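**Q** Dropping in entry-v4.cif, which is mmCIF, C-alpha atoms:
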data_final
#
loop_
_atom_site.label_atom_id
_atom_site.label_comp_id
_atom_site.auth_asym_id
_atom_site.auth_seq_id
_atom_site.Cartn_x
_atom_site.Cartn_y
_atom_site.Cartn_z
CA MET A 1 -11.25 -61.59 -4.16
CA ASN A 2 -14.45 -60.63 -5.94
CA THR A 3 -16.09 -63.26 -8.13
CA ARG A 4 -19.05 -62.53 -10.38
CA PRO A 5 -22.26 -64.47 -9.58
CA SER A 6 -24.37 -65.77 -12.42
CA ARG A 7 -27.19 -63.43 -13.40
CA VAL A 8 -29.11 -66.31 -14.98
CA LEU A 9 -28.90 -68.55 -11.91
CA LYS A 10 -29.94 -65.71 -9.60
CA LEU A 11 -33.03 -65.11 -11.73
CA LEU A 12 -33.86 -68.81 -12.02
CA ARG A 13 -33.42 -69.44 -8.30
CA GLY A 14 -35.77 -66.53 -7.64
CA GLY A 15 -38.44 -68.00 -9.91
CA ASN A 16 -37.98 -65.37 -12.62
CA LEU A 17 -37.89 -65.62 -16.42
CA VAL A 18 -34.59 -65.24 -18.28
CA THR A 19 -33.95 -63.60 -21.67
CA VAL A 20 -31.23 -64.80 -24.05
CA PHE A 21 -30.10 -63.66 -27.50
CA LYS A 22 -28.06 -65.87 -29.81
CA LEU A 23 -25.06 -64.27 -31.49
CA ASN A 24 -23.51 -65.65 -34.67
CA LEU A 25 -21.25 -62.65 -35.18
CA SER A 26 -17.95 -62.69 -33.29
CA GLU A 27 -17.70 -58.94 -32.77
CA PRO A 28 -17.56 -58.03 -29.02
CA ARG A 29 -19.44 -54.81 -29.72
CA VAL A 30 -22.52 -56.88 -30.59
CA VAL A 31 -22.31 -58.36 -27.08
CA GLU A 32 -22.08 -54.85 -25.64
CA ILE A 33 -25.16 -53.74 -27.58
CA ALA A 34 -27.06 -56.75 -26.18
CA GLY A 35 -25.90 -55.88 -22.68
CA LEU A 36 -26.83 -52.22 -23.00
CA SER A 37 -30.25 -53.29 -24.30
CA GLY A 38 -30.97 -55.21 -21.09
CA VAL A 39 -30.65 -58.87 -22.09
CA ASP A 40 -29.79 -61.35 -19.33
CA ALA A 41 -27.44 -63.56 -21.35
CA VAL A 42 -25.97 -64.07 -24.78
CA TRP A 43 -25.69 -67.46 -26.45
CA LEU A 44 -22.36 -67.84 -28.24
CA CYS A 45 -21.63 -70.83 -30.43
CA ASN A 46 -18.71 -73.07 -31.25
CA GLU A 47 -20.88 -75.76 -32.87
CA HIS A 48 -22.10 -73.94 -35.99
CA VAL A 49 -20.09 -70.70 -35.94
CA PRO A 50 -16.39 -70.42 -36.94
CA ASN A 51 -15.39 -68.66 -33.72
CA ASP A 52 -11.76 -68.75 -32.68
CA TRP A 53 -10.80 -68.86 -29.01
CA ILE A 54 -9.50 -65.28 -28.79
CA ALA A 55 -12.68 -63.88 -30.38
CA LEU A 56 -14.75 -65.94 -27.98
CA GLU A 57 -12.72 -64.74 -25.00
CA ASN A 58 -13.24 -61.12 -26.05
CA GLN A 59 -16.99 -61.63 -26.35
CA ILE A 60 -17.09 -63.17 -22.87
CA ARG A 61 -15.04 -60.24 -21.54
CA ALA A 62 -17.45 -57.76 -23.15
CA ALA A 63 -20.38 -59.51 -21.46
CA ARG A 64 -18.77 -59.19 -18.03
CA LEU A 65 -18.46 -55.43 -18.55
CA HIS A 66 -22.26 -55.20 -18.70
CA ASP A 67 -22.99 -57.87 -16.06
CA ILE A 68 -24.63 -60.32 -18.45
CA ASP A 69 -24.00 -64.05 -18.64
CA THR A 70 -22.48 -65.91 -21.55
CA ILE A 71 -23.68 -69.33 -22.66
CA VAL A 72 -21.24 -71.08 -24.99
CA ARG A 73 -22.57 -73.95 -27.05
CA VAL A 74 -19.54 -76.18 -27.38
CA SER A 75 -18.38 -78.18 -30.36
CA LYS A 76 -18.74 -81.85 -29.54
CA GLY A 77 -15.21 -83.02 -29.04
CA SER A 78 -12.56 -83.35 -26.41
CA TYR A 79 -12.50 -82.40 -22.76
CA SER A 80 -10.59 -79.24 -23.67
CA ASP A 81 -13.40 -78.05 -25.97
CA TYR A 82 -15.72 -78.11 -22.97
CA VAL A 83 -13.39 -76.61 -20.36
CA ARG A 84 -11.81 -73.74 -22.31
CA PRO A 85 -14.97 -71.60 -22.43
CA LEU A 86 -15.29 -71.91 -18.64
CA GLU A 87 -11.66 -70.95 -18.14
CA ALA A 88 -12.23 -67.96 -20.44
CA GLY A 89 -14.96 -66.81 -18.05
CA ALA A 90 -18.14 -68.18 -19.65
CA THR A 91 -21.03 -68.53 -17.21
CA GLY A 92 -22.77 -71.41 -18.91
CA LEU A 93 -22.08 -74.29 -21.27
CA MET A 94 -24.57 -75.76 -23.72
CA VAL A 95 -23.81 -79.27 -24.97
CA PRO A 96 -25.61 -80.28 -28.17
CA HIS A 97 -26.99 -83.70 -29.16
CA VAL A 98 -26.92 -85.45 -25.79
CA THR A 99 -28.38 -88.91 -26.26
CA THR A 100 -27.60 -91.03 -23.17
CA ALA A 101 -27.26 -90.76 -19.42
CA ALA A 102 -23.71 -92.08 -19.71
CA GLU A 103 -22.82 -89.14 -21.95
CA ALA A 104 -24.46 -86.70 -19.53
CA ARG A 105 -22.42 -88.16 -16.66
CA GLN A 106 -19.22 -87.84 -18.73
CA ILE A 107 -19.97 -84.17 -19.38
CA VAL A 108 -20.53 -83.51 -15.68
CA ASP A 109 -17.25 -85.28 -14.87
CA TRP A 110 -15.42 -83.08 -17.36
CA VAL A 111 -16.82 -79.71 -16.33
CA ARG A 112 -17.52 -79.95 -12.59
CA PHE A 113 -14.99 -80.08 -9.79
CA GLN A 114 -15.17 -82.53 -6.90
CA PRO A 115 -17.47 -83.64 -5.38
CA LEU A 116 -19.70 -83.21 -8.47
CA GLY A 117 -17.15 -84.21 -11.09
CA ARG A 118 -13.49 -84.72 -11.88
CA ARG A 119 -12.56 -81.57 -13.75
CA ALA A 120 -8.82 -80.89 -13.76
CA LEU A 121 -7.63 -77.90 -11.73
CA ASP A 122 -5.83 -74.92 -13.19
CA GLY A 123 -6.98 -71.54 -11.91
CA GLY A 124 -4.56 -69.59 -14.07
CA ASN A 125 -7.23 -67.99 -16.24
CA ILE A 126 -9.93 -65.40 -15.60
CA ASP A 127 -12.28 -67.91 -13.97
CA GLY A 128 -9.65 -68.39 -11.25
CA LEU A 129 -8.67 -64.69 -11.30
CA PHE A 130 -5.27 -65.68 -12.70
CA CYS A 131 -4.31 -67.76 -9.63
CA MET A 132 -5.39 -65.00 -7.22
CA LEU A 133 -8.59 -66.76 -6.16
CA PRO A 134 -8.05 -69.22 -3.27
CA MET A 135 -8.56 -72.80 -4.42
CA ASP A 136 -11.53 -73.55 -2.21
CA GLU A 137 -13.32 -70.40 -3.44
CA TYR A 138 -12.46 -71.26 -7.04
CA ILE A 139 -13.95 -74.73 -6.75
CA LYS A 140 -17.07 -73.55 -4.91
CA HIS A 141 -17.73 -70.69 -7.34
CA SER A 142 -17.23 -72.94 -10.39
CA ASN A 143 -19.65 -75.54 -9.03
CA THR A 144 -22.35 -73.12 -7.88
CA GLU A 145 -22.23 -70.08 -10.21
CA LYS A 146 -21.68 -71.85 -13.54
CA PHE A 147 -24.51 -73.71 -15.23
CA ILE A 148 -24.67 -76.56 -17.73
CA ILE A 149 -27.36 -77.02 -20.38
CA MET A 150 -27.94 -80.37 -22.09
CA GLN A 151 -29.68 -80.34 -25.47
CA ILE A 152 -32.07 -83.13 -26.47
CA GLU A 153 -32.21 -83.09 -30.27
CA SER A 154 -33.04 -86.59 -31.48
CA PRO A 155 -35.55 -89.41 -30.98
CA GLU A 156 -32.72 -91.36 -29.32
CA GLY A 157 -32.14 -88.58 -26.80
CA LEU A 158 -35.86 -88.25 -26.17
CA ALA A 159 -36.15 -91.98 -25.51
CA ASN A 160 -33.48 -91.64 -22.81
CA VAL A 161 -34.51 -88.24 -21.45
CA GLU A 162 -35.79 -89.60 -18.12
CA GLU A 163 -32.39 -91.15 -17.37
CA ILE A 164 -30.55 -88.08 -18.69
CA ALA A 165 -32.62 -85.76 -16.49
CA ALA A 166 -31.85 -87.89 -13.44
CA VAL A 167 -28.08 -87.35 -13.78
CA PRO A 168 -26.93 -84.96 -11.02
CA GLY A 169 -24.51 -82.08 -11.46
CA TYR A 170 -26.04 -80.07 -14.30
CA ASP A 171 -28.82 -77.50 -14.42
CA VAL A 172 -30.91 -77.14 -17.59
CA LEU A 173 -32.57 -79.24 -20.30
CA LEU A 174 -33.41 -77.84 -23.73
CA LEU A 175 -35.24 -79.49 -26.61
CA GLY A 176 -33.66 -78.45 -29.92
CA PRO A 177 -36.83 -78.32 -32.06
CA GLY A 178 -35.02 -77.63 -35.34
CA ASP A 179 -32.76 -80.66 -35.25
CA PHE A 180 -35.43 -82.83 -33.64
CA SER A 181 -37.90 -82.01 -36.44
CA HIS A 182 -35.18 -82.79 -38.97
CA ARG A 183 -34.40 -86.12 -37.35
CA ILE A 184 -38.03 -87.22 -37.57
CA GLY A 185 -38.23 -86.27 -41.24
CA LYS A 186 -40.12 -83.01 -40.77
CA PRO A 187 -37.41 -80.35 -41.00
CA GLY A 188 -38.47 -76.97 -39.67
CA GLN A 189 -41.95 -78.14 -38.65
CA ILE A 190 -41.52 -77.18 -35.01
CA ASN A 191 -45.29 -77.01 -34.44
CA ASP A 192 -45.80 -80.58 -35.62
CA PRO A 193 -47.61 -82.58 -32.91
CA VAL A 194 -44.65 -84.96 -32.52
CA VAL A 195 -42.26 -82.05 -31.91
CA VAL A 196 -44.68 -80.35 -29.51
CA ALA A 197 -45.11 -83.60 -27.59
CA ALA A 198 -41.31 -83.95 -27.37
CA ARG A 199 -41.00 -80.39 -26.05
CA LYS A 200 -43.60 -81.06 -23.39
CA LYS A 201 -42.00 -84.34 -22.38
CA VAL A 202 -38.55 -82.78 -21.99
CA ALA A 203 -40.00 -79.98 -19.87
CA SER A 204 -42.02 -82.36 -17.68
CA VAL A 205 -39.10 -84.71 -17.06
CA ALA A 206 -36.72 -81.82 -16.39
CA ARG A 207 -39.01 -80.38 -13.71
CA LYS A 208 -39.52 -83.81 -12.17
CA HIS A 209 -35.77 -84.13 -11.64
CA GLY A 210 -35.17 -80.59 -10.45
CA LYS A 211 -33.75 -79.19 -13.68
CA PHE A 212 -34.62 -75.85 -15.23
CA VAL A 213 -36.07 -75.75 -18.75
CA MET A 214 -34.96 -73.58 -21.68
CA SER A 215 -36.83 -72.82 -24.87
CA ALA A 216 -34.75 -72.05 -27.96
CA GLY A 217 -37.33 -69.43 -28.92
CA LEU A 218 -40.90 -68.27 -28.45
CA ILE A 219 -42.06 -71.35 -30.32
CA ALA A 220 -45.47 -71.36 -28.62
CA PRO A 221 -47.54 -68.74 -26.77
CA LEU A 222 -45.59 -67.58 -23.71
CA PRO A 223 -48.28 -68.62 -21.19
CA GLU A 224 -48.20 -72.13 -22.64
CA LEU A 225 -44.41 -72.37 -22.40
CA VAL A 226 -44.41 -71.02 -18.84
CA ALA A 227 -47.12 -73.49 -17.84
CA GLU A 228 -44.91 -76.29 -19.19
CA GLY A 229 -42.09 -75.09 -16.93
CA HIS A 230 -39.88 -73.07 -19.27
CA GLN A 231 -37.98 -70.25 -17.57
CA ILE A 232 -35.21 -69.42 -20.07
CA PHE A 233 -36.19 -67.99 -23.44
CA GLY A 234 -34.22 -67.39 -26.59
CA LEU A 235 -35.66 -64.23 -28.12
CA GLY A 236 -33.80 -64.01 -31.42
CA ALA A 237 -30.44 -63.75 -33.14
CA ASP A 238 -28.18 -60.99 -34.34
CA VAL A 239 -28.13 -62.23 -37.94
CA VAL A 240 -31.93 -62.36 -38.06
CA ALA A 241 -32.12 -58.83 -36.71
CA LEU A 242 -29.62 -57.51 -39.24
CA THR A 243 -31.12 -59.23 -42.27
CA GLY A 244 -34.59 -58.04 -41.26
CA TYR A 245 -33.36 -54.48 -40.81
CA PHE A 246 -31.46 -54.44 -44.11
CA GLN A 247 -34.46 -55.81 -45.99
CA GLN A 248 -36.82 -53.35 -44.33
CA ARG A 249 -34.62 -50.36 -45.17
CA LEU A 250 -34.15 -51.50 -48.77
CA GLN A 251 -37.90 -51.96 -49.15
CA HIS A 252 -38.42 -48.50 -47.70
CA MET A 253 -35.93 -47.05 -50.19
CA LYS A 254 -37.65 -48.87 -53.04
CA GLY A 255 -40.93 -47.27 -52.06
CA LEU A 256 -39.31 -43.82 -52.04
CA VAL A 257 -37.74 -44.46 -55.44
CA ASP A 258 -41.04 -45.67 -56.88
CA ALA A 259 -42.63 -42.40 -55.79
CA LEU A 260 -40.06 -40.25 -57.60
CA PRO A 261 -40.89 -38.55 -60.88
CA ALA A 262 -40.19 -40.83 -63.84
CA ALA A 263 -37.26 -38.69 -64.99
CA SER A 264 -35.46 -39.14 -61.65
CA LYS A 265 -35.71 -42.91 -61.30
CA THR A 266 -32.86 -44.03 -63.57
CA SER A 267 -30.13 -42.11 -61.77
CA THR A 268 -31.20 -43.25 -58.30
CA LYS A 269 -31.64 -46.97 -58.91
CA SER A 270 -28.77 -49.37 -58.30
CA PRO A 271 -27.52 -51.09 -61.45
CA TYR A 272 -27.37 -54.30 -59.40
CA ALA A 273 -31.05 -54.31 -58.46
#
For the file at hand, write its structure as structure tokens.
**A**
Amino acid sequence: MNTRPSRVLKLLRGGNLVTVFKLNLSEPRVVEIAGLSGVDAVWLCNEHVPNDWIALENQIRAARLHDIDTIVRVSKGSYSDYVRPLEAGATGLMVPHVTTAAEARQIVDWVRFQPLGRRALDGGNIDGLFCMLPMDEYIKHSNTEKFIIMQIESPEGLANVEEIAAVPGYDVLLLGPGDFSHRIGKPGQINDPVVVAARKKVASVARKHGKFVMSAGLIAPLPELVAEGHQIFGLGADVVALTGYFQQRLQHMKGLVDALPAASKTSTKSPYA
């Protein structure tokens, strides 16, 4: 049976850079647009976005059509919240607010099969090709072509990042600069020296322990981020793109209206403006 290898892992293992777009909208056609545009992966979210499981499954399915990976940031909760995205065919999981090595080990136990973890077997979903994939292939593919990202987002997590990075069985570390800046009392100040130092420490420790490094965005010059060891880059979000486009078009229209003869302006201007 044919199983789909991870595009992200192939690029990372070859020493290449990876592009990711975050999607807040649950429409599968947005995933298709991202795929047709050439992105390597889309970042879907169950932490901050009111996605339901069927919508999420359809987005993951749309990504497979265009051979792009899906990263699902899970809601912090039960074992099932972590496993369902994988069983729906997601390529990667992102776990927010990891603060201890014990928590990192628990996550690996939940989402990896033996010998890496203790994930329960099913195989009756798309990740197991609906029970058509032989069990040994299912286990091997799940352990080698799925990747796990741990987010460090607090001073507590940063204090334990060396021990977290040393936990085997997962692949990527990511500093969440927004939440980290908030936790130190400087919300949104992602270029603050304390936040920059945290980013560099996470990257250094990740590389030391054989983990890949992800940046949530182009939060520093690309050469600087690459020198620190970052290989995965968030490049933007669908909602940011849409709001920017809407505002740009409205501003363009305003300029056209302003240039009209005075007698024409009243009938062309929205009463809600």
**Q** In terms of the shortest atom-to-atom distance over all atoms listed in the file, which of A:Ile184, A:Gln248, A:Leu235, A:Ile149 is closest to Ala206 (chain A)?
**A**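 Answer, going by the shortest atom-to-atom distance: A:Ile149.
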**Q** Any chance you could work out the residue set of the PyMOL selection byres ((chain A and resi 56) around 10) here, as a CSV table (one decimal) with C-alpha atoms, in the coordinates of the input?
**A**
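The new file expr12.csv reads:
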chain,number,residue,atom,x,y,z
A,26,SER,CA,-18.0,-62.7,-33.3
A,27,GLU,CA,-17.7,-58.9,-32.8
A,28,PRO,CA,-17.6,-58.0,-29.0
A,44,LEU,CA,-22.4,-67.8,-28.2
A,45,CYS,CA,-21.6,-70.8,-30.4
A,46,ASN,CA,-18.7,-73.1,-31.2
A,51,ASN,CA,-15.4,-68.7,-33.7
A,52,ASP,CA,-11.8,-68.8,-32.7
A,53,TRP,CA,-10.8,-68.9,-29.0
A,54,ILE,CA,-9.5,-65.3,-28.8
A,55,ALA,CA,-12.7,-63.9,-30.4
A,57,GLU,CA,-12.7,-64.7,-25.0
A,58,ASN,CA,-13.2,-61.1,-26.0
A,59,GLN,CA,-17.0,-61.6,-26.4
A,60,ILE,CA,-17.1,-63.2,-22.9
A,61,ARG,CA,-15.0,-60.2,-21.5
A,62,ALA,CA,-17.4,-57.8,-23.2
A,72,VAL,CA,-21.2,-71.1,-25.0
A,85,PRO,CA,-15.0,-71.6,-22.4
A,88,ALA,CA,-12.2,-68.0,-20.4
A,89,GLY,CA,-15.0,-66.8,-18.0
A,90,ALA,CA,-18.1,-68.2,-19.6
**Q** Quick one: residues within 10 Å of region 128-141 of chain A, all atoms listed in the file counted, chain neighbours fewer than 2 positions away excluded, as a PyMOL selection string?
**A** chain A and resi 1-6+86-89+112-115+119+121-126+143-146
**Q** Starting from the shown file, work through the PyMOL selection byres ((chain A and resi 107) around 12) and note down what comes out as a PDB file with C-alpha atoms, keeping the file's coordinate frame.
**A**
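As written to disk, result.pdb reads:
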ATOM      1  CA  VAL A  74     -19.540 -76.180 -27.380  1.00  0.00           C
ATOM      2  CA  LYS A  76     -18.740 -81.850 -29.540  1.00  0.00           C
ATOM      3  CA  GLY A  77     -15.210 -83.020 -29.040  1.00  0.00           C
ATOM      4  CA  SER A  78     -12.560 -83.350 -26.410  1.00  0.00           C
ATOM      5  CA  TYR A  79     -12.500 -82.400 -22.760  1.00  0.00           C
ATOM      6  CA  SER A  80     -10.590 -79.240 -23.670  1.00  0.00           C
ATOM      7  CA  ASP A  81     -13.400 -78.050 -25.970  1.00  0.00           C
ATOM      8  CA  TYR A  82     -15.720 -78.110 -22.970  1.00  0.00           C
ATOM      9  CA  VAL A  83     -13.390 -76.610 -20.360  1.00  0.00           C
ATOM     10  CA  LEU A  93     -22.080 -74.290 -21.270  1.00  0.00           C
ATOM     11  CA  MET A  94     -24.570 -75.760 -23.720  1.00  0.00           C
ATOM     12  CA  VAL A  95     -23.810 -79.270 -24.970  1.00  0.00           C
ATOM     13  CA  PRO A  96     -25.610 -80.280 -28.170  1.00  0.00           C
ATOM     14  CA  VAL A  98     -26.920 -85.450 -25.790  1.00  0.00           C
ATOM     15  CA  THR A  99     -28.380 -88.910 -26.260  1.00  0.00           C
ATOM     16  CA  THR A 100     -27.600 -91.030 -23.170  1.00  0.00           C
ATOM     17  CA  ALA A 101     -27.260 -90.760 -19.420  1.00  0.00           C
ATOM     18  CA  ALA A 102     -23.710 -92.080 -19.710  1.00  0.00           C
ATOM     19  CA  GLU A 103     -22.820 -89.140 -21.950  1.00  0.00           C
ATOM     20  CA  ALA A 104     -24.460 -86.700 -19.530  1.00  0.00           C
ATOM     21  CA  ARG A 105     -22.420 -88.160 -16.660  1.00  0.00           C
ATOM     22  CA  GLN A 106     -19.220 -87.840 -18.730  1.00  0.00           C
ATOM     23  CA  VAL A 108     -20.530 -83.510 -15.680  1.00  0.00           C
ATOM     24  CA  ASP A 109     -17.250 -85.280 -14.870  1.00  0.00           C
ATOM     25  CA  TRP A 110     -15.420 -83.080 -17.360  1.00  0.00           C
ATOM     26  CA  VAL A 111     -16.820 -79.710 -16.330  1.00  0.00           C
ATOM     27  CA  ARG A 112     -17.520 -79.950 -12.590  1.00  0.00           C
ATOM     28  CA  PHE A 113     -14.990 -80.080  -9.790  1.00  0.00           C
ATOM     29  CA  LEU A 116     -19.700 -83.210  -8.470  1.00  0.00           C
ATOM     30  CA  GLY A 117     -17.150 -84.210 -11.090  1.00  0.00           C
ATOM     31  CA  ARG A 118     -13.490 -84.720 -11.880  1.00  0.00           C
ATOM     32  CA  ARG A 119     -12.560 -81.570 -13.750  1.00  0.00           C
ATOM     33  CA  ILE A 148     -24.670 -76.560 -17.730  1.00  0.00           C
ATOM     34  CA  ILE A 149     -27.360 -77.020 -20.380  1.00  0.00           C
ATOM     35  CA  MET A 150     -27.940 -80.370 -22.090  1.00  0.00           C
ATOM     36  CA  ILE A 164     -30.550 -88.080 -18.690  1.00  0.00           C
ATOM     37  CA  VAL A 167     -28.080 -87.350 -13.780  1.00  0.00           C
ATOM     38  CA  PRO A 168     -26.930 -84.960 -11.020  1.00  0.00           C
ATOM     39  CA  GLY A 169     -24.510 -82.080 -11.460  1.00  0.00           C
ATOM     40  CA  TYR A 170     -26.040 -80.070 -14.300  1.00  0.00           C
TER      41      TYR A 170
END
**Q** Given the choices A:Leu25, A:Ser181, A:Met214, A:Ala259, which gets closest to Pro193 (chain A) if the distance is worked out from only C-alpha atoms?
**A** A:Ser181
**Q** Suppose you want the space between CA of Ile190 (chain A) and CA of Pro221 (chain A); what is it in Å?
**A** 13.2 Å
**Q** If the PyMOL selection byres ((chain A and resi 20) around 8) is run on the structure shown, which residues does it catch, given as an MDAnalysis selection string?
**A** chainID A and resid 18:19 21:22 39:43 232:236
**Q** From the list A:Ala63, A:Leu36, A:Leu173, A:Ala220, which residue is nearest Glu153 (chain A) when using all atoms listed in the file?
**A** A:Leu173
**Q** Please report the interatomic distance between CA of Ile219 (chain A) and CA of His97 (chain A) in Å with one decimal.
**A** 19.5 Å
**Q** Figure out the distance between CA of Ser215 (chain A) and CA of Gly185 (chain A), please, to one decimal in Å.
**A** 21.2 Å
**Q** Point out the residue among A:Pro155, A:Leu17, A:Gly255, A:Ser204 with the least atom-to-atom distance to Arg183 (chain A), counting only C-alpha atoms.
**A**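 Ranking A:Pro155, A:Leu17, A:Gly255, A:Ser204 by distance to Arg183 (chain A), first place goes to A:Pro155.
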**Q** Take the point (-25.6, -67.0, -14.2) in the file's coordinates, draw a sphere of radius 6 Å around it, and report as a PyMOL selection string every protein, DNA or RNA residue with an atom inside or on it, counting all atoms listed in the file.
**A** chain A and resi 6-9+69+91
**Q** Hey, which of A:Arg64, A:Lys186, A:Arg29, A:His230 ends up closest to Ala203 (chain A)? Count all atoms listed in the file.
**A**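 Of A:Arg64, A:Lys186, A:Arg29, A:His230, the one nearest Ala203 (chain A), counting all atoms listed in the file, is A:His230.
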**Q** Pick from A:Thr243, A:Asp171, A:Ala262, A:Gly15: nearest to Val226 (chain A), with all atoms listed in the file counted?
**A** A:Gly15
